[in-house]
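**Student:** Sharing a structure here in structure tokens format.
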Amino acid sequence: MRGLFFTFEGVEGSGKTTQLGRLSATLRQDGKRVAETREPGGTSLGDAIRSILLATRNLEMVAETELFLYLASRAQLCREWIAPALNAETIVVCDRFADATVAYQGYGRGVDLKLIRTINRVATGGLTPDLTILLDLDPREGLRRVKERGQVSLPESSLDRLEAEALEFHDRVRKGYLQLAREEPHRFQIIDATQSEEAIAAEIWARVEPLIGSWTVQEGRR
Ligand SMILES: Nc1ncnc2c1ncn2[C@@H]1O[C@H](COP(=O)(O)OP(=O)(O)OP(=O)(O)O)[C@@H](O)[C@H]1O
Ligand SMILES: [Mg+2]
């Protein structure tokens, strides 16, 4: 039997990294084996791709190049890291995954959605999260939080880029995520990310705990 695969999605500054850290800590306190990763990156090839995405942001990179770089990083992460971890019955938590490409490159930049879904399937080899936490937030509030944090963490999070991109871009991304969640209500949990960190963590745990419970029973664990 395989492990469990949870992903965190949402616009910049919506609290993905914060909540991923809290969930991992709670799971570990509960005695579970947890492995954390992020996109792009998570492997040495993926980290090299990540630095290309960071280094060339805003410059000559066209949307299709950006798309394939994200997909290349994902293909490597799935095979080298996520699938083996799941096979070793680990709970994998990932900061952004395939849905981010649909939201950013598809809804945000206008790359054909059907094409993205097809190549996402190639990249992931069909690997799908058991649960995707969507932290829903107005991108204006996300931007405010990222500014306050004073540090950027992802190519898309470059403050320059975030401010340079029309806010409509980030509004489209947010709407894209919500559309994805409507299409797969069983896989997604939409959370109002304006709530306190504690309230959000409690909502996430209320959804995760039963999944862990039935998984533990299936696996014959304590
Ligand atoms: N519920 C919350 N309410 C207010 N501030 C929050 C909340 N959750 C996180 N923050 C703060 O907002 C900032 C952004 O949070 P975090 O880095 O977790 O977001 P993120 O979604 O991972 O961002 P990025 O897209 O840039 O990776 C941090 O300074 C964090 O401490
Ligand atoms: Mg983050």
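Naming works like this for the structure tokens: A, B, ... for the chains as they're shown, residue 1 at the start of each chain, ligands 1 onward in shown order.
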If you count only C-alpha atoms, which residues fall within 12 Å of Pro139 in chain A, apart from same-chain ones fewer than 6 positions away, as a PyMOL selection string?
**Tutor:** chain A and resi 10-15+145-146+157+162-163+165-175+193-194
**Student:** Please produce a file of those selected residues containing N, CA, C and O atoms, as a compact mmCIF listing (two decimals), in the first residue's frame.
**Tutor:**
# COMPACT_ATOMS: atom_id res chain seq x y z
N GLY A 10 -2.53 27.92 -3.79
CA GLY A 10 -3.09 29.24 -3.50
C GLY A 10 -2.19 30.32 -4.03
O GLY A 10 -1.03 30.06 -4.38
N VAL A 11 -2.71 31.53 -4.11
CA VAL A 11 -1.93 32.65 -4.63
C VAL A 11 -0.77 32.97 -3.69
O VAL A 11 -0.71 32.46 -2.57
N GLU A 12 0.13 33.80 -4.15
CA GLU A 12 1.28 34.24 -3.35
C GLU A 12 0.83 34.77 -1.99
O GLU A 12 -0.10 35.56 -1.92
N GLY A 13 1.53 34.34 -0.96
CA GLY A 13 1.28 34.89 0.36
C GLY A 13 0.01 34.38 1.01
O GLY A 13 -0.44 34.92 2.03
N SER A 14 -0.57 33.32 0.47
CA SER A 14 -1.85 32.82 1.02
C SER A 14 -1.62 31.93 2.25
O SER A 14 -2.59 31.55 2.91
N GLY A 15 -0.35 31.59 2.53
CA GLY A 15 -0.06 30.83 3.76
C GLY A 15 0.27 29.36 3.52
O GLY A 15 0.25 28.56 4.45
N ARG A 145 0.98 40.62 2.57
CA ARG A 145 1.67 39.71 3.48
C ARG A 145 3.09 39.42 3.01
O ARG A 145 4.02 39.34 3.82
N VAL A 146 3.25 39.22 1.69
CA VAL A 146 4.58 38.91 1.16
C VAL A 146 5.52 40.10 1.40
O VAL A 146 6.68 39.94 1.76
N SER A 157 6.83 34.43 -6.99
CA SER A 157 6.70 35.29 -5.82
C SER A 157 7.62 36.50 -5.87
O SER A 157 7.64 37.28 -4.94
N LEU A 162 5.54 40.26 -9.07
CA LEU A 162 4.19 40.32 -8.54
C LEU A 162 3.61 41.71 -8.74
O LEU A 162 2.46 41.88 -9.10
N GLU A 163 4.45 42.71 -8.52
CA GLU A 163 3.94 44.07 -8.66
C GLU A 163 3.83 44.48 -10.12
O GLU A 163 2.97 45.26 -10.50
N GLU A 165 3.30 42.37 -12.68
CA GLU A 165 2.17 41.68 -13.31
C GLU A 165 0.91 42.44 -12.92
O GLU A 165 0.74 42.82 -11.77
N ALA A 166 0.04 42.60 -13.87
CA ALA A 166 -1.22 43.22 -13.54
C ALA A 166 -1.89 42.39 -12.45
O ALA A 166 -1.78 41.17 -12.45
N LEU A 167 -2.52 43.06 -11.51
CA LEU A 167 -3.22 42.30 -10.47
C LEU A 167 -4.29 41.40 -11.08
O LEU A 167 -4.63 40.37 -10.50
N GLU A 168 -4.74 41.78 -12.28
CA GLU A 168 -5.74 40.91 -12.94
C GLU A 168 -5.17 39.52 -13.19
O GLU A 168 -5.91 38.54 -13.20
N PHE A 169 -3.86 39.45 -13.44
CA PHE A 169 -3.24 38.14 -13.63
C PHE A 169 -3.48 37.28 -12.39
O PHE A 169 -3.92 36.13 -12.48
N HIS A 170 -3.21 37.84 -11.23
CA HIS A 170 -3.36 37.08 -10.00
C HIS A 170 -4.83 36.83 -9.66
O HIS A 170 -5.16 35.81 -9.05
N ASP A 171 -5.69 37.73 -10.09
CA ASP A 171 -7.13 37.48 -9.93
C ASP A 171 -7.55 36.29 -10.79
O ASP A 171 -8.37 35.47 -10.37
N ARG A 172 -6.98 36.21 -12.00
CA ARG A 172 -7.30 35.06 -12.87
C ARG A 172 -6.79 33.76 -12.26
O ARG A 172 -7.45 32.73 -12.34
N VAL A 173 -5.60 33.82 -11.67
CA VAL A 173 -5.03 32.63 -11.02
C VAL A 173 -5.96 32.17 -9.89
O VAL A 173 -6.29 31.00 -9.77
N ARG A 174 -6.39 33.14 -9.07
CA ARG A 174 -7.28 32.79 -7.96
C ARG A 174 -8.56 32.14 -8.48
O ARG A 174 -9.00 31.11 -7.96
N LYS A 175 -9.16 32.75 -9.50
CA LYS A 175 -10.40 32.21 -10.07
C LYS A 175 -10.16 30.83 -10.67
O LYS A 175 -11.00 29.94 -10.58
N ALA A 193 -8.56 31.89 3.58
CA ALA A 193 -7.22 32.16 4.12
C ALA A 193 -7.12 33.51 4.82
O ALA A 193 -6.03 33.90 5.24
N THR A 194 -8.25 34.21 4.99
CA THR A 194 -8.21 35.45 5.79
C THR A 194 -8.30 35.12 7.28
O THR A 194 -8.08 35.99 8.12
**Student:** Pick out each residue of range 12-211 of chain A that DSSP on the backbone tags as alpha helix (DSSP H); I need them as a count of residues only.
**Tutor:** 111
**Student:** What are the nearest atom pairs, with distances in Å to one decimal, for all residues of chain A that come at most 10 Å from ligand 1, using only C-alpha atoms and all ligand atoms, set out by chain and rising residue number as a tab-separated table?
**Tutor:**
residue	atom	partner	partner_atom_place_in_ligand_line	distance
A:Phe8	CA	ligand 1	21 (O)	8.5
A:Glu9	CA	ligand 1	21 (O)	7.6
A:Gly10	CA	ligand 1	21 (O)	6.3
A:Val11	CA	ligand 1	25 (O)	5.9
A:Glu12	CA	ligand 1	25 (O)	3.3
A:Gly13	CA	ligand 1	23 (O)	3.5
A:Ser14	CA	ligand 1	21 (O)	4.0
A:Gly15	CA	ligand 1	18 (O)	3.3
A:Lys16	CA	ligand 1	21 (O)	3.8
A:Thr17	CA	ligand 1	22 (O)	3.7
A:Thr18	CA	ligand 1	18 (O)	3.6
A:Gln19	CA	ligand 1	18 (O)	6.4
A:Leu20	CA	ligand 1	18 (O)	8.0
A:Gly21	CA	ligand 1	18 (O)	8.6
A:Arg38	CA	ligand 1	27 (O)	9.7
A:Asp95	CA	ligand 1	22 (O)	7.6
A:Arg96	CA	ligand 1	27 (O)	8.9
A:Leu135	CA	ligand 1	21 (O)	7.9
A:Asp136	CA	ligand 1	21 (O)	9.9
A:Leu137	CA	ligand 1	21 (O)	9.6
A:Glu141	CA	ligand 1	4 (C)	9.0
A:Gly142	CA	ligand 1	14 (C)	7.0
A:Leu143	CA	ligand 1	26 (O)	8.5
A:Arg144	CA	ligand 1	12 (O)	8.3
A:Arg145	CA	ligand 1	12 (O)	4.6
A:Val146	CA	ligand 1	13 (C)	5.3
A:Lys147	CA	ligand 1	29 (O)	8.2
A:Glu148	CA	ligand 1	29 (O)	6.2
A:Arg149	CA	ligand 1	29 (O)	4.0
A:Gly150	CA	ligand 1	29 (O)	7.8
A:Gln151	CA	ligand 1	26 (O)	8.0
A:Val152	CA	ligand 1	26 (O)	5.7
A:Ser153	CA	ligand 1	27 (O)	5.2
A:Leu154	CA	ligand 1	27 (O)	5.9
A:Pro155	CA	ligand 1	26 (O)	8.9
A:Glu156	CA	ligand 1	25 (O)	7.4
A:Ser157	CA	ligand 1	26 (O)	4.9
A:Ser158	CA	ligand 1	26 (O)	8.1
A:Leu159	CA	ligand 1	26 (O)	9.0
A:Leu162	CA	ligand 1	26 (O)	9.9
A:Asp192	CA	ligand 1	1 (N)	9.0
A:Ala193	CA	ligand 1	1 (N)	5.7
A:Thr194	CA	ligand 1	1 (N)	5.8
A:Gln195	CA	ligand 1	1 (N)	5.2
A:Ser196	CA	ligand 1	1 (N)	4.2
A:Glu197	CA	ligand 1	1 (N)	3.8
A:Glu198	CA	ligand 1	1 (N)	7.4
A:Ala199	CA	ligand 1	1 (N)	7.9
A:Ile200	CA	ligand 1	1 (N)	6.7
A:Ala201	CA	ligand 1	1 (N)	8.9
**Student:** Could you check the closest approach to ligand 2 for each of A:Thr37, A:Ser73, A:Thr26, A:Thr101 and tell me which residue wins, using only C-alpha atoms and all ligand atoms?
**Tutor:**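 Going through A:Thr37, A:Ser73, A:Thr26, A:Thr101 one by one, the smallest distance to ligand 2 is for A:Thr37.
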**Student:** Would you work out the distance separating CA of Glu36 in chain A from CA of Leu86 in chain A, expressed in Å to one decimal?
**Tutor:**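 Calculated distance between CA of Glu36 in chain A and CA of Leu86 in chain A is 11.9 Å.
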**Student:** Using CA of Asp112 in chain A and CA of Leu69 in chain A as the two end points, give the distance in Å to one decimal.
**Tutor:**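 Computing it gives 16.4 Å between the two atoms.
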**Student:** Quick one: DSSP strand (DSSP E or B) residues in range 67-162 of chain A, as a list of chain:residue names?
**Tutor:**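 Those in range 67-162 of chain A that DSSP calls strand (DSSP E or B) are A:Ile91, A:Val92, A:Val93, A:Cys94, A:Asp95, A:Leu131, A:Thr132, A:Ile133, A:Leu134, A:Leu135, A:Asp136.
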